[in-house]
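Enquirer: Dropping the structure in here first, questions after.
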Amino acid sequence: MPQGFETESRKLLVRLRDVMASGEAGQARLDEIVRLIANSMSAEVCSIYLFRDDETLELCATEGLQQEAVHQTRMRLGEGLVGRVAKTRRVVNTADAPSERGFRYMPETGEERYSSFCGIPVQRVGETMGVLVVQSRESREYTADEIYALEVVAMVLAEMNELGAFTGEGAAMRARHQEPIMFKGLVGQEGVAGGNVYLHEPRVVVTNVVADDPEVELTRLREAVDSLRISVDEMLTQTATVNNDQKQVLEAYRMFANSRGWMKRMEADIDQGLSAEAAVEKEQSLARTRMQSADSYLRDRLHDLDDLSNRLLRILTGQGRDATGAEMPDNPVLVARNIGPGELLEYGKKIKGIVLEEGSVGSHAAIVARAWAIPLVIRATEITAQALNGDQILVDGDQGIAHLRPDDTVKAAFNDKMAMQTAAQKRYASIRDLPAQTQCGKVISLTMNAGLMADLPSLPSSGAEGVGLFRTELQFLIRSQMPKRAELSALYTRVLDAANGQRVAFRTLDIGSDKVLSYMKPNDEPNPAMGWRAIRVGLEKPGVLRMQLQALIRAANGRPLTVMFPFVAQLEEYRMARAEFDKAMERERILGHPLPSSFEIGAMLETPSLAFAPDVFFQEVDFISIGGNDLKQFFFAADRENERVRRRYDTLNVSFLTFLEQLIARCNAHNTPASFCGEDAGRPIEAVVFAALGLRNLSMRPASIGPVKHLLRRLNLDEVKAVIDESRARGDQSVRSAVTEYLRKQV
């Protein structure tokens, strides 16, 4: 690039910085900016379009087009060349605009006189804010150097817009981070909560976009990159404690940190007049754009570059994870792109709600949120770009919605919903110590799911009759190395002590699928949910299973013990797992340790195959726990992590209920106790149907016990069963409508 052009570019950026520092109103600033850019680029037209809503762009300032068109000309995302730039986030550069695909003539602008067109997306870290356009009468394409200079200018415009430099009248010039926004995500954990945003990893704020001395900025950048390279190298020296996937990520970090192309592009941005921070962020924005059309492997690598850019920005700005220096507000609602179980557990139960841009219903965060009964919304796209620490936020986990900076109408409706739930909880508290006895005299045992010591205080307050599922894998997931037997024994002892004599069903380690230990070598499986997981891992690596069983026996210390094995698919697997328990008991007897006063060894039925096991299985097993979450996905061949299919299949589908009814009949024929464990057990309508089919034990999150018990105590299950049978006889696909209508009349 010619040195003179670089000088002109820097001069333009300095002028733009001066305009930003002026006391002029937002519209006056925009008008001055388009004039400066047009003059600097020797263009007859320069225009800036900003988004007025997610789908509509508005002409907010122009030099060269008709002034009457400002704030009047609008176009949809993808409409015309400007809309195409905004939608694709890519430059459109043409010498003959009218002949270009998608061209739309806007007569009120007077642009018919101009042949050439160059549109540049105005974007910041993946968020498109608008489009910068230059045009001229001469039929020509803009050079690569000119486009590069315009991209640098667009970067500065994005930062200025982020900092509120263009605030004015009209929707397109509204103050950012002040408008109410609703994010429609997915349900991760039900419940509602209101509070204030606490960002897990706040965005770095770049305030010095334009630099006076490129040499100083180049030195700052090189020193920061050197520091980054050293930190990555130090992380790689500790690879003995990380798994292969983590090592690959760190290797990718080192590759990018040592990339000459990445460095050269940032150095060129600084030569154009950007500060070191702005140069890093410009490259980060371009990488985000490239992610949109990349394949999955390249997207992962670009995510690595994105994370590395954030590290570099924090080094340059001195802003750590708590970049804004914000203290945790009252009633904090955690907002993050994603979060691991260890990080989430560090926050503790003071978090009132969680909203994630990524995540899944089976993620570690969802498991912890369910354990704590904290409302969780996942897949709330772009919320980390919109939310600021301290912003008011309402989390509706029942609907998978988050209201950021809600208006008074939304707040009033939300407060009404919370008040109704509070009143309901008071009603549930009044029946806490009463049995879940139906009007027809049947008694249903309601137990709770748990996975953390922090869950156990909910045992007496919820009215649960014990713990129907204690997930032991959470203690493995939150650690960076395998826990020792003594540590597990101490934990299980505290669990049994807290249960105060009530039954606790410990599920042995259920890892694999979506639950991967950082210190175990992962398997590259095309379908991990149906792969090497749960009891399959335990039987192939019996050392871990034996250690856990010994820890459980020692924790019992002469008290009753209940253990169940997860994901048992056939009789032989149960027998092999049961043999491992018998070996552990014999070893503890030889060592002279106290043995449990009694024990129950059960299996979780999560695959349809086990329902068709030989009769001897039902005779040998002490109890069966139906794992509804996994069973449903295998029964319907619908991956519960795939949002396109998982919601298409209803738990109250006649086929699924018929399968459950047949399974219950087999259990009853052999006097094998059976329970249903999973999210569906905690949904009142589903719980009533399960009880009507003959299940007498349901295990659910603590917060669900009150609503389920309240409904069961008001119903006659014989009548519910008759409604189910009538619906089935009519050929209904699901009994939900029929049962819901019956309940509406009864309660």
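Residue numbering restarts at 1 in every chain; chains get A, B, ... in the order shown in the structure tokens, and ligands count up from 1 in that same order.
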Write out, as CSV, each residue of range 137-199 of chain A that has an atom at most 9 Å from range 397-405 of chain A, together with the closest pair of atoms and their distance in Å to one decimal, counting only C-alpha atoms, rows going by chain and rising number.
Expert:
residue,atom,partner,partner_atom,distance
A:His177,CA,A:Arg405,CA,8.6
A:Gln178,CA,A:Arg405,CA,7.1
A:Glu179,CA,A:Arg405,CA,6.7
A:Pro180,CA,A:Arg405,CA,4.7
A:Ile181,CA,A:Leu404,CA,5.2
A:Met182,CA,A:His403,CA,4.6
A:Phe183,CA,A:Ala402,CA,5.2
A:Lys184,CA,A:Ile401,CA,4.8
A:Gly185,CA,A:Gly400,CA,5.1
A:Leu186,CA,A:Gly400,CA,4.3
A:Val187,CA,A:Gly400,CA,4.2
A:Gly188,CA,A:Gly397,CA,6.9
A:Gln189,CA,A:Gly397,CA,5.7
A:Glu190,CA,A:Gly397,CA,4.3
A:Gly191,CA,A:Gly397,CA,4.9
A:Val192,CA,A:Gly397,CA,5.6
A:Ala193,CA,A:Gly397,CA,8.2
A:Val197,CA,A:Leu404,CA,8.6
Enquirer: The selected residues should be written to file as a JSON list (two decimals), in the first residue's frame (atoms: N, CA and C atoms).
Expert:
[["chain", "number", "residue", "atom", "x", "y", "z"],
["A", 177, "HIS", "N", -27.95, -0.69, 24.37],
["A", 177, "HIS", "CA", -27.94, -1.25, 25.71],
["A", 177, "HIS", "C", -28.90, -0.55, 26.66],
["A", 178, "GLN", "N", -29.94, 0.06, 26.11],
["A", 178, "GLN", "CA", -30.96, 0.68, 26.95],
["A", 178, "GLN", "C", -32.36, 0.19, 26.60],
["A", 179, "GLU", "N", -32.53, -0.33, 25.40],
["A", 179, "GLU", "CA", -33.85, -0.77, 24.95],
["A", 179, "GLU", "C", -34.21, -2.13, 25.54],
["A", 180, "PRO", "N", -35.51, -2.36, 25.79],
["A", 180, "PRO", "CA", -35.94, -3.70, 26.21],
["A", 180, "PRO", "C", -35.74, -4.70, 25.06],
["A", 181, "ILE", "N", -35.26, -5.90, 25.39],
["A", 181, "ILE", "CA", -35.08, -6.95, 24.38],
["A", 181, "ILE", "C", -35.58, -8.26, 24.97],
["A", 182, "MET", "N", -36.30, -9.03, 24.17],
["A", 182, "MET", "CA", -36.73, -10.36, 24.57],
["A", 182, "MET", "C", -35.90, -11.40, 23.80],
["A", 183, "PHE", "N", -35.31, -12.35, 24.50],
["A", 183, "PHE", "CA", -34.54, -13.41, 23.88],
["A", 183, "PHE", "C", -35.32, -14.72, 23.99],
["A", 184, "LYS", "N", -35.64, -15.30, 22.83],
["A", 184, "LYS", "CA", -36.36, -16.57, 22.82],
["A", 184, "LYS", "C", -35.35, -17.69, 22.66],
["A", 185, "GLY", "N", -35.12, -18.39, 23.75],
["A", 185, "GLY", "CA", -34.19, -19.50, 23.72],
["A", 185, "GLY", "C", -34.93, -20.82, 23.89],
["A", 186, "LEU", "N", -34.35, -21.72, 24.67],
["A", 186, "LEU", "CA", -34.95, -23.03, 24.93],
["A", 186, "LEU", "C", -34.95, -23.28, 26.43],
["A", 187, "VAL", "N", -35.85, -24.12, 26.86],
["A", 187, "VAL", "CA", -35.96, -24.46, 28.28],
["A", 187, "VAL", "C", -34.80, -25.35, 28.68],
["A", 188, "GLY", "N", -34.00, -24.89, 29.64],
["A", 188, "GLY", "CA", -32.94, -25.72, 30.21],
["A", 188, "GLY", "C", -33.35, -26.26, 31.56],
["A", 189, "GLN", "N", -34.02, -25.41, 32.32],
["A", 189, "GLN", "CA", -34.58, -25.79, 33.62],
["A", 189, "GLN", "C", -35.76, -24.87, 33.90],
["A", 190, "GLU", "N", -36.86, -25.46, 34.30],
["A", 190, "GLU", "CA", -38.08, -24.69, 34.51],
["A", 190, "GLU", "C", -37.98, -23.82, 35.76],
["A", 191, "GLY", "N", -38.89, -22.86, 35.85],
["A", 191, "GLY", "CA", -38.92, -21.92, 36.96],
["A", 191, "GLY", "C", -38.79, -20.49, 36.47],
["A", 192, "VAL", "N", -39.09, -19.54, 37.33],
["A", 192, "VAL", "CA", -38.98, -18.13, 36.96],
["A", 192, "VAL", "C", -38.16, -17.40, 38.01],
["A", 193, "ALA", "N", -37.45, -16.38, 37.55],
["A", 193, "ALA", "CA", -36.63, -15.58, 38.47],
["A", 193, "ALA", "C", -36.41, -14.21, 37.88],
["A", 197, "VAL", "N", -28.30, -8.66, 35.82],
["A", 197, "VAL", "CA", -27.30, -9.38, 35.03],
["A", 197, "VAL", "C", -25.95, -9.39, 35.74]]
Enquirer: Run DSSP on the backbone of this structure and report the residues of range 147-228 of chain A it assigns to alpha helix (DSSP H), as a ChimeraX atom specification.
Expert: /A:147-162,214-228
Enquirer: Go ahead and dump the residues you just picked, N, CA and C atoms, as a compact mmCIF listing (two decimals), in the first residue's frame.
Expert:
# COMPACT_ATOMS: atom_id res chain seq x y z
N ILE A 147 -10.72 -0.70 -0.25
CA ILE A 147 -11.65 -1.51 0.55
C ILE A 147 -11.08 -1.75 1.94
N TYR A 148 -9.78 -2.01 1.99
CA TYR A 148 -9.13 -2.23 3.28
C TYR A 148 -9.27 -1.00 4.16
N ALA A 149 -9.03 0.17 3.58
CA ALA A 149 -9.16 1.42 4.35
C ALA A 149 -10.60 1.61 4.83
N LEU A 150 -11.57 1.26 3.99
CA LEU A 150 -12.97 1.41 4.38
C LEU A 150 -13.33 0.43 5.50
N GLU A 151 -12.75 -0.76 5.49
CA GLU A 151 -12.99 -1.72 6.57
C GLU A 151 -12.46 -1.18 7.90
N VAL A 152 -11.32 -0.51 7.85
CA VAL A 152 -10.77 0.09 9.06
C VAL A 152 -11.72 1.18 9.56
N VAL A 153 -12.22 1.99 8.64
CA VAL A 153 -13.16 3.05 9.02
C VAL A 153 -14.44 2.44 9.59
N ALA A 154 -14.93 1.38 8.97
CA ALA A 154 -16.15 0.72 9.45
C ALA A 154 -15.95 0.18 10.87
N MET A 155 -14.74 -0.29 11.15
CA MET A 155 -14.44 -0.77 12.50
C MET A 155 -14.58 0.37 13.51
N VAL A 156 -14.06 1.53 13.16
CA VAL A 156 -14.15 2.69 14.05
C VAL A 156 -15.61 3.11 14.22
N LEU A 157 -16.38 3.08 13.14
CA LEU A 157 -17.80 3.43 13.23
C LEU A 157 -18.53 2.46 14.17
N ALA A 158 -18.18 1.19 14.10
CA ALA A 158 -18.82 0.21 14.98
C ALA A 158 -18.53 0.51 16.44
N GLU A 159 -17.28 0.84 16.74
CA GLU A 159 -16.92 1.17 18.12
C GLU A 159 -17.61 2.45 18.56
N MET A 160 -17.68 3.45 17.67
CA MET A 160 -18.36 4.69 18.01
C MET A 160 -19.84 4.44 18.29
N ASN A 161 -20.45 3.59 17.47
CA ASN A 161 -21.86 3.25 17.67
C ASN A 161 -22.06 2.51 19.00
N GLU A 162 -21.13 1.61 19.31
CA GLU A 162 -21.21 0.86 20.57
C GLU A 162 -21.12 1.80 21.77
N PRO A 214 1.68 5.19 15.59
CA PRO A 214 1.66 3.77 15.21
C PRO A 214 2.80 2.97 15.81
N GLU A 215 3.98 3.58 15.95
CA GLU A 215 5.12 2.84 16.48
C GLU A 215 4.87 2.41 17.92
N VAL A 216 4.27 3.30 18.69
CA VAL A 216 3.95 2.96 20.08
C VAL A 216 2.95 1.79 20.12
N GLU A 217 1.95 1.85 19.24
CA GLU A 217 0.93 0.80 19.21
C GLU A 217 1.52 -0.53 18.74
N LEU A 218 2.42 -0.47 17.76
CA LEU A 218 3.06 -1.70 17.29
C LEU A 218 3.86 -2.35 18.42
N THR A 219 4.54 -1.52 19.20
CA THR A 219 5.31 -2.04 20.33
C THR A 219 4.39 -2.67 21.36
N ARG A 220 3.28 -2.01 21.66
CA ARG A 220 2.31 -2.55 22.63
C ARG A 220 1.76 -3.89 22.14
N LEU A 221 1.42 -3.96 20.84
CA LEU A 221 0.88 -5.19 20.30
C LEU A 221 1.90 -6.32 20.40
N ARG A 222 3.15 -6.05 19.97
CA ARG A 222 4.17 -7.10 19.97
C ARG A 222 4.46 -7.59 21.38
N GLU A 223 4.49 -6.68 22.35
CA GLU A 223 4.74 -7.08 23.73
C GLU A 223 3.59 -7.93 24.27
N ALA A 224 2.36 -7.53 23.89
CA ALA A 224 1.19 -8.28 24.36
C ALA A 224 1.17 -9.68 23.73
N VAL A 225 1.50 -9.77 22.45
CA VAL A 225 1.53 -11.07 21.78
C VAL A 225 2.62 -11.95 22.38
N ASP A 226 3.78 -11.36 22.70
CA ASP A 226 4.84 -12.13 23.35
C ASP A 226 4.35 -12.68 24.69
N SER A 227 3.66 -11.85 25.45
CA SER A 227 3.11 -12.30 26.73
C SER A 227 2.08 -13.41 26.53
N LEU A 228 1.28 -13.26 25.48
CA LEU A 228 0.28 -14.28 25.17
C LEU A 228 0.96 -15.60 24.82
Enquirer: Give me, as CSV, each residue of range 319-406 of chain A that comes within 12 Å of range 704-717 of chain A, together with its shortest interatomic pair and the distance in Å at one decimal, counting only C-alpha atoms, with rows ordered by chain and rising residue number.
Expert:
residue,atom,partner,partner_atom,distance
A:Arg370,CA,A:Ser704,CA,10.9
A:Ala371,CA,A:Ser704,CA,11.7
A:Ala373,CA,A:Ser704,CA,9.2
Enquirer: Within 10 Å of range 28-32 of chain A, counting only C-alpha atoms, which residues show up once you throw out same-chain ones fewer than 4 positions away? Write them as a VMD selection string, please.
Expert: chain A and resid 15 to 16 19 to 24 36 to 37 46 to 48 60 to 63 157 165 to 168
Enquirer: Rounded to one decimal in Å, what is the spacing between CA of Glu169 in chain A and CA of Ala25 in chain A?
Expert: 10.3 Å
